[in-house]
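File shown: start31.txt (compact mmCIF, C-alpha atoms).
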# COMPACT_ATOMS: atom_id res chain seq x y z
CA MET A 1 134.82 113.00 118.46
CA LYS A 2 133.95 109.94 116.35
CA LYS A 3 130.22 110.66 116.78
CA MET A 4 130.74 114.26 115.63
CA ILE A 5 132.61 113.10 112.52
CA LEU A 6 129.93 110.51 111.74
CA SER A 7 127.17 113.11 112.12
CA ALA A 8 129.04 115.44 109.79
CA ILE A 9 129.30 112.69 107.18
CA VAL A 10 125.59 111.94 107.37
CA ILE A 11 124.65 115.63 107.16
CA ALA A 12 126.95 116.13 104.17
CA ALA A 13 125.55 113.11 102.37
CA VAL A 14 121.95 114.15 103.01
CA PHE A 15 122.66 117.69 101.85
CA MET A 16 124.32 116.50 98.68
CA PHE A 17 121.88 113.76 97.74
CA THR A 18 118.53 115.40 98.47
CA ALA A 19 116.16 115.66 95.55
CA CYS A 20 115.78 119.30 94.68
CA PRO A 21 112.51 120.66 93.28
CA LYS A 22 112.09 121.81 89.74
CA ALA A 23 112.61 125.46 89.02
CA GLY A 24 109.40 127.48 89.22
CA ASP A 25 107.63 125.19 91.72
CA ALA A 26 106.11 127.01 94.67
CA GLU A 27 107.73 126.35 98.04
CA PRO A 28 105.32 124.28 100.18
CA LYS A 29 104.60 125.10 103.82
CA GLU A 30 105.11 121.48 104.81
CA LYS A 31 107.40 118.69 103.58
CA VAL A 32 107.51 114.98 104.26
CA LYS A 33 110.88 113.26 104.21
CA LEU A 34 111.32 110.04 102.26
CA SER A 35 114.76 108.37 102.33
CA PHE A 36 115.98 105.46 100.21
CA HIS A 37 119.09 103.34 100.81
CA VAL A 38 119.53 101.04 97.81
CA MET A 39 121.89 99.03 95.63
CA SER A 40 121.61 100.30 92.06
CA LYS A 41 121.87 96.84 90.46
CA CYS A 42 119.53 95.18 92.94
CA PRO A 43 116.11 94.43 91.36
CA TYR A 44 114.31 95.46 94.55
CA GLY A 45 116.29 98.68 94.80
CA ALA A 46 115.46 99.49 91.18
CA GLN A 47 111.83 98.60 91.86
CA VAL A 48 111.39 101.31 94.48
CA VAL A 49 113.26 103.92 92.44
CA THR A 50 110.87 103.38 89.53
CA GLY A 51 107.88 102.86 91.83
CA VAL A 52 108.20 106.12 93.73
CA LYS A 53 108.35 108.37 90.66
CA PRO A 54 104.57 108.93 90.24
CA ALA A 55 104.33 110.04 93.88
CA ILE A 56 107.24 112.44 93.54
CA ASP A 57 105.83 113.83 90.29
CA LYS A 58 102.46 114.51 91.93
CA LEU A 59 103.72 115.95 95.22
CA GLY A 60 106.71 117.85 93.85
CA LYS A 61 108.43 120.06 96.42
CA ALA A 62 106.24 118.68 99.19
CA VAL A 63 108.49 115.60 99.26
CA ASP A 64 111.98 115.90 100.74
CA PHE A 65 113.32 112.90 98.81
CA GLN A 66 116.79 111.54 99.60
CA ILE A 67 118.71 108.60 98.19
CA ASN A 68 121.95 106.97 99.29
CA TYR A 69 123.68 103.80 98.20
CA ILE A 70 124.78 100.71 100.10
CA GLY A 71 128.36 99.47 100.09
CA ASN A 72 130.85 97.80 102.39
CA GLU A 73 134.41 98.68 103.34
CA LYS A 74 137.18 96.12 103.14
CA ASN A 75 140.86 96.93 103.58
CA GLY A 76 140.11 100.64 103.26
CA LYS A 77 138.22 100.26 99.96
CA TRP A 78 134.47 100.64 99.54
CA MET A 79 132.62 98.28 97.21
CA PRO A 80 128.91 97.54 96.65
CA MET A 81 127.65 93.96 96.65
CA HIS A 82 127.36 93.64 92.86
CA GLY A 83 130.93 94.67 92.09
CA GLU A 84 132.69 97.17 89.86
CA GLN A 85 129.80 97.77 87.45
CA GLU A 86 127.52 98.70 90.33
CA LEU A 87 130.24 100.94 91.76
CA LYS A 88 130.44 102.79 88.44
CA GLY A 89 126.66 103.16 88.36
CA ASP A 90 126.61 104.47 91.92
CA LYS A 91 129.25 107.06 91.09
CA ILE A 92 127.22 108.23 88.10
CA SER A 93 124.19 108.65 90.36
CA VAL A 94 125.88 110.69 93.08
CA CYS A 95 127.61 112.86 90.50
CA ALA A 96 124.27 113.45 88.76
CA MET A 97 122.83 114.54 92.11
CA LYS A 98 125.56 117.14 92.46
CA TYR A 99 125.69 118.49 88.91
CA MET A 100 122.02 118.10 87.89
CA PRO A 101 120.20 118.74 91.19
CA GLU A 102 116.89 119.74 89.58
CA ASN A 103 116.41 116.76 87.27
CA TYR A 104 118.84 114.03 88.31
CA PHE A 105 115.97 111.76 89.33
CA GLU A 106 114.78 111.54 85.71
CA LEU A 107 118.17 110.05 84.85
CA LEU A 108 118.17 107.62 87.81
CA TYR A 109 114.65 106.53 86.94
CA CYS A 110 115.56 105.84 83.32
CA MET A 111 118.64 103.83 84.28
CA ALA A 112 116.75 101.89 86.97
CA LYS A 113 114.15 100.73 84.43
CA GLU A 114 116.92 98.60 82.89
CA PHE A 115 119.09 98.21 85.98
CA ARG A 116 120.95 95.20 84.58
CA LYS A 117 122.47 97.53 81.96
CA ILE A 118 123.84 99.97 84.55
CA PRO A 119 126.24 101.76 83.96
CA GLU A 120 126.23 101.21 80.19
CA ASN A 121 122.77 102.74 79.79
CA LEU A 122 123.91 106.21 80.89
CA ASP A 123 124.35 107.51 77.34
CA SER A 124 121.05 106.15 76.00
CA CYS A 125 119.13 107.59 78.96
CA ALA A 126 120.91 110.94 78.74
CA SER A 127 120.22 111.09 75.01
CA GLY A 128 116.53 110.37 75.48
CA LEU A 129 116.29 113.06 78.15
CA LYS A 130 118.41 115.51 76.13
CA MET A 131 120.92 115.85 78.96
CA ASP A 132 124.55 116.89 78.68
CA VAL A 133 126.33 114.49 81.03
CA ALA A 134 129.93 115.55 80.39
CA LYS A 135 130.33 116.88 83.95
CA ILE A 136 128.75 113.74 85.39
CA LYS A 137 131.17 111.49 83.50
CA ALA A 138 134.18 113.59 84.51
CA CYS A 139 133.06 113.45 88.13
CA ALA A 140 132.31 109.70 88.09
CA ASP A 141 135.65 108.86 86.48
CA GLY A 142 137.67 110.98 88.89
CA GLU A 143 138.53 111.35 92.55
CA GLU A 144 135.44 113.48 93.13
CA GLY A 145 133.13 110.57 92.29
CA THR A 146 135.04 108.30 94.65
CA LYS A 147 134.66 110.77 97.52
CA LEU A 148 130.98 111.36 96.84
CA ILE A 149 130.09 107.68 96.73
CA GLU A 150 132.09 106.92 99.86
CA GLU A 151 130.08 109.61 101.67
CA SER A 152 126.89 108.00 100.40
CA TYR A 153 127.97 104.50 101.50
CA LYS A 154 128.93 105.86 104.93
CA ALA A 155 125.54 107.57 105.27
CA SER A 156 123.81 104.23 104.61
CA LYS A 157 126.14 102.50 107.04
CA ALA A 158 125.33 105.08 109.70
CA LYS A 159 121.61 104.28 109.30
CA GLY A 160 122.29 100.56 109.59
CA ALA A 161 121.08 99.99 106.03
CA SER A 162 122.37 96.70 104.66
CA GLY A 163 119.34 95.41 102.74
CA SER A 164 118.20 96.96 99.47
CA PRO A 165 115.91 98.78 99.74
CA THR A 166 115.95 100.21 103.25
CA ILE A 167 113.35 102.98 103.39
CA TYR A 168 112.54 105.63 105.96
CA LEU A 169 109.47 107.85 106.02
CA ASN A 170 110.01 110.88 108.27
CA ASP A 171 112.95 108.94 109.74
CA GLU A 172 110.76 105.97 110.68
CA PRO A 173 111.16 102.56 108.99
CA TYR A 174 108.79 102.15 106.04
CA ARG A 175 107.48 98.68 105.17
CA GLY A 176 104.51 99.56 103.00
CA GLY A 177 103.80 98.94 99.33
CA ARG A 178 106.23 99.95 96.60
CA GLY A 179 103.93 101.21 93.86
CA GLY A 180 103.25 104.85 93.03
CA ASN A 181 99.91 104.94 94.84
CA ASP A 182 101.37 103.06 97.80
CA PHE A 183 104.05 105.70 98.34
CA LEU A 184 101.52 108.45 97.68
CA ARG A 185 99.14 107.11 100.36
CA ALA A 186 101.96 106.74 102.88
CA LEU A 187 103.29 110.24 102.23
CA CYS A 188 99.83 111.80 102.39
CA GLU A 189 99.18 110.28 105.81
CA LYS A 190 102.05 112.36 107.18
CA TYR A 191 100.81 115.79 106.08
CA THR A 192 98.96 118.03 108.50
CA VAL A 193 97.38 119.83 105.56
CA LYS A 194 96.97 117.45 102.64
CA PRO A 195 98.22 118.53 99.18
CA LYS A 196 95.64 118.34 96.40
CA ALA A 197 97.16 115.13 95.03
CA CYS A 198 96.19 113.35 98.25
CA SER A 199 92.49 113.72 97.45
CA GLU A 200 92.93 112.02 94.08
CA ILE A 201 94.34 108.65 95.20
CA PRO A 202 92.17 105.71 94.13
CA GLU A 203 91.11 103.20 96.77
CA PRO A 204 93.29 100.06 96.75
CA VAL A 205 91.86 97.11 94.85
CA LYS A 206 90.51 94.36 97.09
CA VAL A 207 92.73 91.39 96.36
CA LYS A 208 91.82 88.01 97.84
CA VAL A 209 94.49 85.39 98.44
CA THR A 210 94.14 81.88 99.84
CA MET A 211 97.17 80.30 101.51
CA ILE A 212 97.32 76.59 102.21
CA THR A 213 99.87 75.81 104.89
CA ASP A 214 100.49 73.20 107.61
CA LYS A 215 100.94 73.80 111.33
CA ARG A 216 103.62 71.09 111.26
CA CYS A 217 105.69 73.19 108.85
CA PRO A 218 107.69 75.87 110.72
CA GLN A 219 109.31 77.14 107.53
CA CYS A 220 105.98 77.78 105.76
CA GLN A 221 105.32 81.02 107.71
CA ALA A 222 102.07 81.86 105.94
CA GLU A 223 101.27 84.78 108.25
CA ARG A 224 104.60 86.42 107.52
CA LEU A 225 104.17 85.82 103.80
CA ALA A 226 100.73 87.41 103.93
CA GLN A 227 102.22 90.47 105.63
CA ASN A 228 104.88 90.76 102.93
CA LEU A 229 102.25 90.48 100.20
CA LYS A 230 100.35 93.29 101.89
CA GLY A 231 103.24 95.46 100.83
CA VAL A 232 102.52 94.52 97.20
CA PHE A 233 98.73 94.60 97.44
CA PRO A 234 97.53 97.19 100.02
CA GLY A 235 93.95 95.87 99.65
CA LEU A 236 94.97 92.27 100.36
CA GLU A 237 92.47 90.01 102.15
CA ALA A 238 94.16 86.76 103.16
CA GLU A 239 92.53 83.46 104.10
CA ILE A 240 94.97 80.98 105.67
CA LEU A 241 93.95 77.30 105.59
CA ASP A 242 95.67 74.44 107.41
CA TYR A 243 96.24 71.13 105.67
CA MET A 244 95.34 69.28 108.86
CA ASP A 245 91.83 70.76 108.77
CA GLU A 246 89.09 69.39 106.53
CA LYS A 247 88.72 72.53 104.38
CA GLY A 248 92.47 72.96 104.04
CA LYS A 249 92.97 69.36 102.93
CA ALA A 250 90.14 69.61 100.40
CA GLU A 251 91.68 72.76 98.88
CA TYR A 252 95.12 71.16 98.88
CA GLN A 253 93.87 68.16 96.92
CA LYS A 254 92.46 70.44 94.21
CA PHE A 255 95.86 71.97 93.55
CA ALA A 256 97.86 68.79 94.18
CA ALA A 257 95.92 67.25 91.31
CA LYS A 258 97.28 70.08 89.13
CA GLY A 259 100.88 69.44 90.19
CA HIS A 260 101.14 71.78 93.19
CA LYS A 261 101.98 69.29 95.95
CA LEU A 262 104.29 71.33 98.16
CA LEU A 263 103.31 73.86 100.80
CA PRO A 264 102.73 76.69 101.18
CA ILE A 265 100.39 77.11 98.21
CA VAL A 266 99.47 80.74 97.52
CA VAL A 267 96.43 81.30 95.31
CA PHE A 268 95.07 84.62 94.00
CA GLY A 269 91.81 85.26 92.22
CA ALA A 270 91.70 87.08 88.89
CA ASP A 271 91.09 90.38 90.73
CA ALA A 272 94.82 90.52 91.52
CA GLU A 273 95.52 91.40 87.89
CA LYS A 274 93.64 94.68 88.32
CA ASP A 275 96.07 95.98 90.95
CA GLU A 276 99.28 97.80 89.97
CA GLY A 277 101.19 95.48 92.28
CA TYR A 278 100.47 92.49 90.05
CA ALA A 279 103.25 93.47 87.65
CA LYS A 280 105.75 92.88 90.47
CA ILE A 281 104.79 89.23 90.92
CA GLN A 282 103.56 88.35 87.44
CA LYS A 283 106.66 86.43 86.38
CA TRP A 284 106.22 84.08 89.36
CA ILE A 285 102.56 83.39 88.58
CA GLN A 286 101.22 80.17 87.07
CA LYS A 287 97.62 80.10 85.90
CA VAL A 288 95.61 77.11 87.10
CA ASP A 289 92.12 77.22 85.60
CA ASP A 290 90.74 80.59 86.76
CA LYS A 291 93.22 80.93 89.62
CA LEU A 292 96.69 82.48 89.86
CA VAL A 293 99.22 80.40 91.80
CA LEU A 294 102.28 82.23 93.11
CA ARG A 295 105.53 80.27 93.08
CA VAL A 296 107.15 80.84 96.49
CA GLY A 297 109.82 78.14 96.59
CA ALA A 298 107.55 75.75 98.53
CA LYS A 299 109.33 72.66 99.91
CA PHE A 300 107.04 70.98 102.44
CA ASP A 301 105.16 67.83 101.36
CA PRO A 302 102.35 67.28 103.87
CA THR A 303 101.76 63.70 102.68
CA LYS A 304 105.23 62.48 103.64
CA GLU A 305 106.95 61.59 106.88
CA ILE A 306 108.35 64.50 108.89
CA CYS A 307 111.81 63.35 109.87
CA ASP A 308 112.27 64.94 113.30
CA ASN A 309 108.91 65.08 115.13
CA LYS A 310 108.90 61.56 116.66
CA ILE A 311 105.51 60.85 115.11
CA ASP A 312 104.45 58.31 112.49
CA ASP A 313 103.00 60.86 110.05
CA THR A 314 102.24 58.41 107.24
CA GLY A 315 100.75 55.64 109.36
CA ASN A 316 103.09 52.94 108.06
CA GLY A 317 104.56 52.06 111.46
CA LYS A 318 107.88 53.79 110.77
CA VAL A 319 108.88 56.95 112.63
CA ASP A 320 111.20 59.73 111.46
CA CYS A 321 114.51 58.44 110.01
CA ASP A 322 113.27 54.85 109.90
CA ASP A 323 110.80 55.83 107.18
CA ASP A 324 111.97 55.60 103.57
CA ASP A 325 110.69 59.17 103.01
CA CYS A 326 113.59 60.38 105.16
CA LYS A 327 116.38 58.67 103.27
CA GLY A 328 118.91 61.33 102.30
CA ASP A 329 117.31 63.96 104.52
CA LEU A 330 119.96 66.15 106.13
CA ILE A 331 118.79 65.46 109.66
CA CYS A 332 119.09 61.70 109.08
CA ARG A 333 122.60 61.73 107.65
CA LYS A 334 125.45 60.45 109.75
CA GLU A 335 127.86 63.21 110.76
CA ILE A 336 131.32 63.13 109.23
CA LYS A 337 133.43 65.27 111.51
CA LYS A 338 135.65 68.00 110.06
CA LYS A 339 134.05 67.71 106.62
CA LEU A 340 132.31 70.63 104.94
CA ASP A 341 130.92 70.56 101.40
CA VAL A 342 130.20 73.97 99.88
CA PHE A 343 128.29 74.48 96.62
CA VAL A 344 128.36 77.97 95.09
CA MET A 345 128.01 79.86 91.82
CA SER A 346 131.28 81.59 90.99
CA GLN A 347 129.52 84.78 89.84
CA CYS A 348 127.02 84.87 92.73
CA SER A 349 127.81 87.64 95.22
CA TYR A 350 126.41 85.62 98.13
CA GLY A 351 128.57 82.63 97.24
CA THR A 352 131.75 84.68 97.10
CA MET A 353 130.83 86.40 100.37
CA ALA A 354 130.51 82.98 102.02
CA LEU A 355 133.89 81.88 100.70
CA ASP A 356 135.49 85.11 101.92
CA ALA A 357 134.01 84.55 105.37
CA MET A 358 135.41 81.01 105.41
CA GLU A 359 138.87 82.31 104.58
CA ARG A 360 138.70 84.76 107.48
CA SER A 361 137.50 82.04 109.85
CA GLU A 362 140.39 79.78 108.81
CA GLU A 363 142.83 82.53 109.76
CA HIS A 364 141.58 82.34 113.34
CA THR A 365 141.57 78.56 113.70
Do you think you could lay out the structure here as structure tokens?
Amino acid sequence: MKKMILSAIVIAAVFMFTACPKAGDAEPKEKVKLSFHVMSKCPYGAQVVTGVKPAIDKLGKAVDFQINYIGNEKNGKWMPMHGEQELKGDKISVCAMKYMPENYFELLYCMAKEFRKIPENLDSCASGLKMDVAKIKACADGEEGTKLIEESYKASKAKGASGSPTIYLNDEPYRGGRGGNDFLRALCEKYTVKPKACSEIPEPVKVKVTMITDKRCPQCQAERLAQNLKGVFPGLEAEILDYMDEKGKAEYQKFAAKGHKLLPIVVFGADAEKDEGYAKIQKWIQKVDDKLVLRVGAKFDPTKEICDNKIDDTGNGKVDCDDDDCKGDLICRKEIKKKLDVFVMSQCSYGTMALDAMERSEEHT
């Protein structure tokens, strides 16, 4: 019985939140399904909503586009990760889907472009699009909006979607690029008979990246990072160098001299700027001569002692915690039993989630 109810919820949500084609468009013989599960105030969720628009515009009715939102239930109440403002924005979205089925995506796209202003940017977006949103506001402010968004949250829960965005292409997990041409390529691969727009996709720009890592650094994960960057740059060609090798050390010294002493170091050539994906990483780029260095939160210093490998890495006769490099390192600290220090930001959703979890754990101790 529970499975039947859950299936009904999912079907209802999909029916209600499917992107409808514009009036006058011809009905295609074949459709490809693209499903988003997002948080409206998440930068990555907003990124895919804005990124997919060119593909939807070009393929029109040939895309069965669906969007649902991600929230969690606590004490019978559903709430998204970013709080009340995000909840209000989510309600606006699902109400727009119901009352403006032919052009709701234009509104979502406009609001997503400045996602930090959601839900306050409803009026400015509606005005620019010449939309009458009275019904949407009435729905979002009332019981109807609450029911609609709960159905959407439950649909995401049923799919196991907890990260924003979670994307499915023809009900299979999608991990490709998030630009317009990326989505267009992925959609076009699924058609038996390709729509005309599929013949007009430009070839991805060849983007070369050099990654300097260290086999002694388990957290560097250069291969995984390269795979993630492939989602930004479909034409990515990655060269991974190890600090312990002659070439890797020589390249490391070039960038260490410019202040980049921690691994991994991720270096693009100027060709990266020609790809549409560059805009997604531009704010984390630092120019070093004619190279583009991506800040990735690197923490590993290959010139210092590694504190838990039982090897004298620096050649000074001191191993692991005996070396001054390891003073203050977590692994070298003496354990103080039953003591836990927690450092959080009061307005950070992850910090408050951790504190809530601690409260629940205390109840069971």
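Proximity to Asn68 of chain A was assessed for A:Glu120, A:Asp214, A:Glu150, A:Glu86 counting only C-alpha atoms; the smallest distance is recorded for A:Glu150.
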Inset, instruction - Name the closest residue to Ala279 of chain A among the candidates A:Gly179, A:Gly89, A:Gly128, A:Pro28; distances are taken between atoms, counting all atoms listed in the file. - result: A:Gly179
Inset, instruction - Compare A:Ala270, A:Ala161, A:Leu169, A:Cys307 by their minimum atom-to-atom distance to Cys217 of chain A, counting all atoms listed in the file, and give me the closest one. - result: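 Using all atoms listed in the file, Cys217 of chain A sits closest to A:Cys307.
Distance check against Ala197 of chain A using all atoms listed in the file: of A:Ala158, A:Ala62, A:Val288, A:Leu340, the minimum falls on A:Ala62.
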Legend entry - Separation of atom CA of Asn72 of chain A from atom CA of Tyr153 of chain A, in Å and rounded to one decimal: 7.3 Å
Legend entry - Contacts of Leu236 of chain A within 12 Å, only C-alpha atoms, excl. fewer than 3 positions in-chain, as number ranges by chain: A: 177, 204-210, 225-233, 239, 268-269, 271-272, 275, 277-278
Inset, instruction - Pick out the residues sitting within 12 Å of Ile118 of chain A, and hand them over as a ChimeraX atom specification; count only C-alpha atoms, and ignore anything fewer than 2 positions along from it in its own chain. - result: /A:39-43,46,82-93,107-116,120-125
Inset, instruction - Tell me which protein, DNA and RNA residues are within 12 Å of Val52 of chain A, counting only C-alpha atoms, leaving out same-chain ones fewer than 6 positions away, and put them as a ChimeraX atom specification. - result: /A:34-36,45-46,58-60,63,65-67,105-106,108-109,112,167,176-187
Listed atoms of segment 282-300 of chain A boxed along x, y and z, 6 Å each side, centre and edge lengths in Å, one decimal, as AutoDock Vina command-line options:
--center_x 100.3 --center_y 79.7 --center_z 94.0 --size_x 31.1 --size_y 29.4 --size_z 28.8
Legend entry - Minimum-distance residue to Ala354 of chain A, chosen among A:Leu148, A:Val342, A:Leu262, A:Met131 (using all atoms listed in the file):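 Nearest candidate to Ala354 of chain A out of A:Leu148, A:Val342, A:Leu262, A:Met131: A:Val342.
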Inset, instruction - Could you jot down the atom CA of Lys74 of chain A to atom CA of Val49 of chain A separation for me, Å, one decimal place? - result: 27.3 Å
Inset, instruction - Could you check which of A:Val266, A:Leu330, A:Cys188, A:Leu129 is closest to Ile56 of chain A, using all atoms listed in the file? - result: A:Cys188
Legend entry - Straight-line distance linking atom CA of Cys321 of chain A with atom CA of Arg333 of chain A, stated in Å to one decimal: 9.0 Å
Inset, instruction - Would you mind listing what lies within 9 Å of Ala96 of chain A as a VMD selection string, with all atoms listed in the file counted and same-chain residues fewer than 6 positions away left out? - result: chain A and resid 103 to 105 107 to 108 133 135 to 137 139 to 140
Legend entry - Distance query Asp301 of chain A at most 12 Å, all atoms listed in the file, self and fewer than 2 positions along chain excluded, as a PyMOL selection string: chain A and resi 212-214+216-217+219-220+243+252+256+260-265+298-299+303-307+313-314+325-326
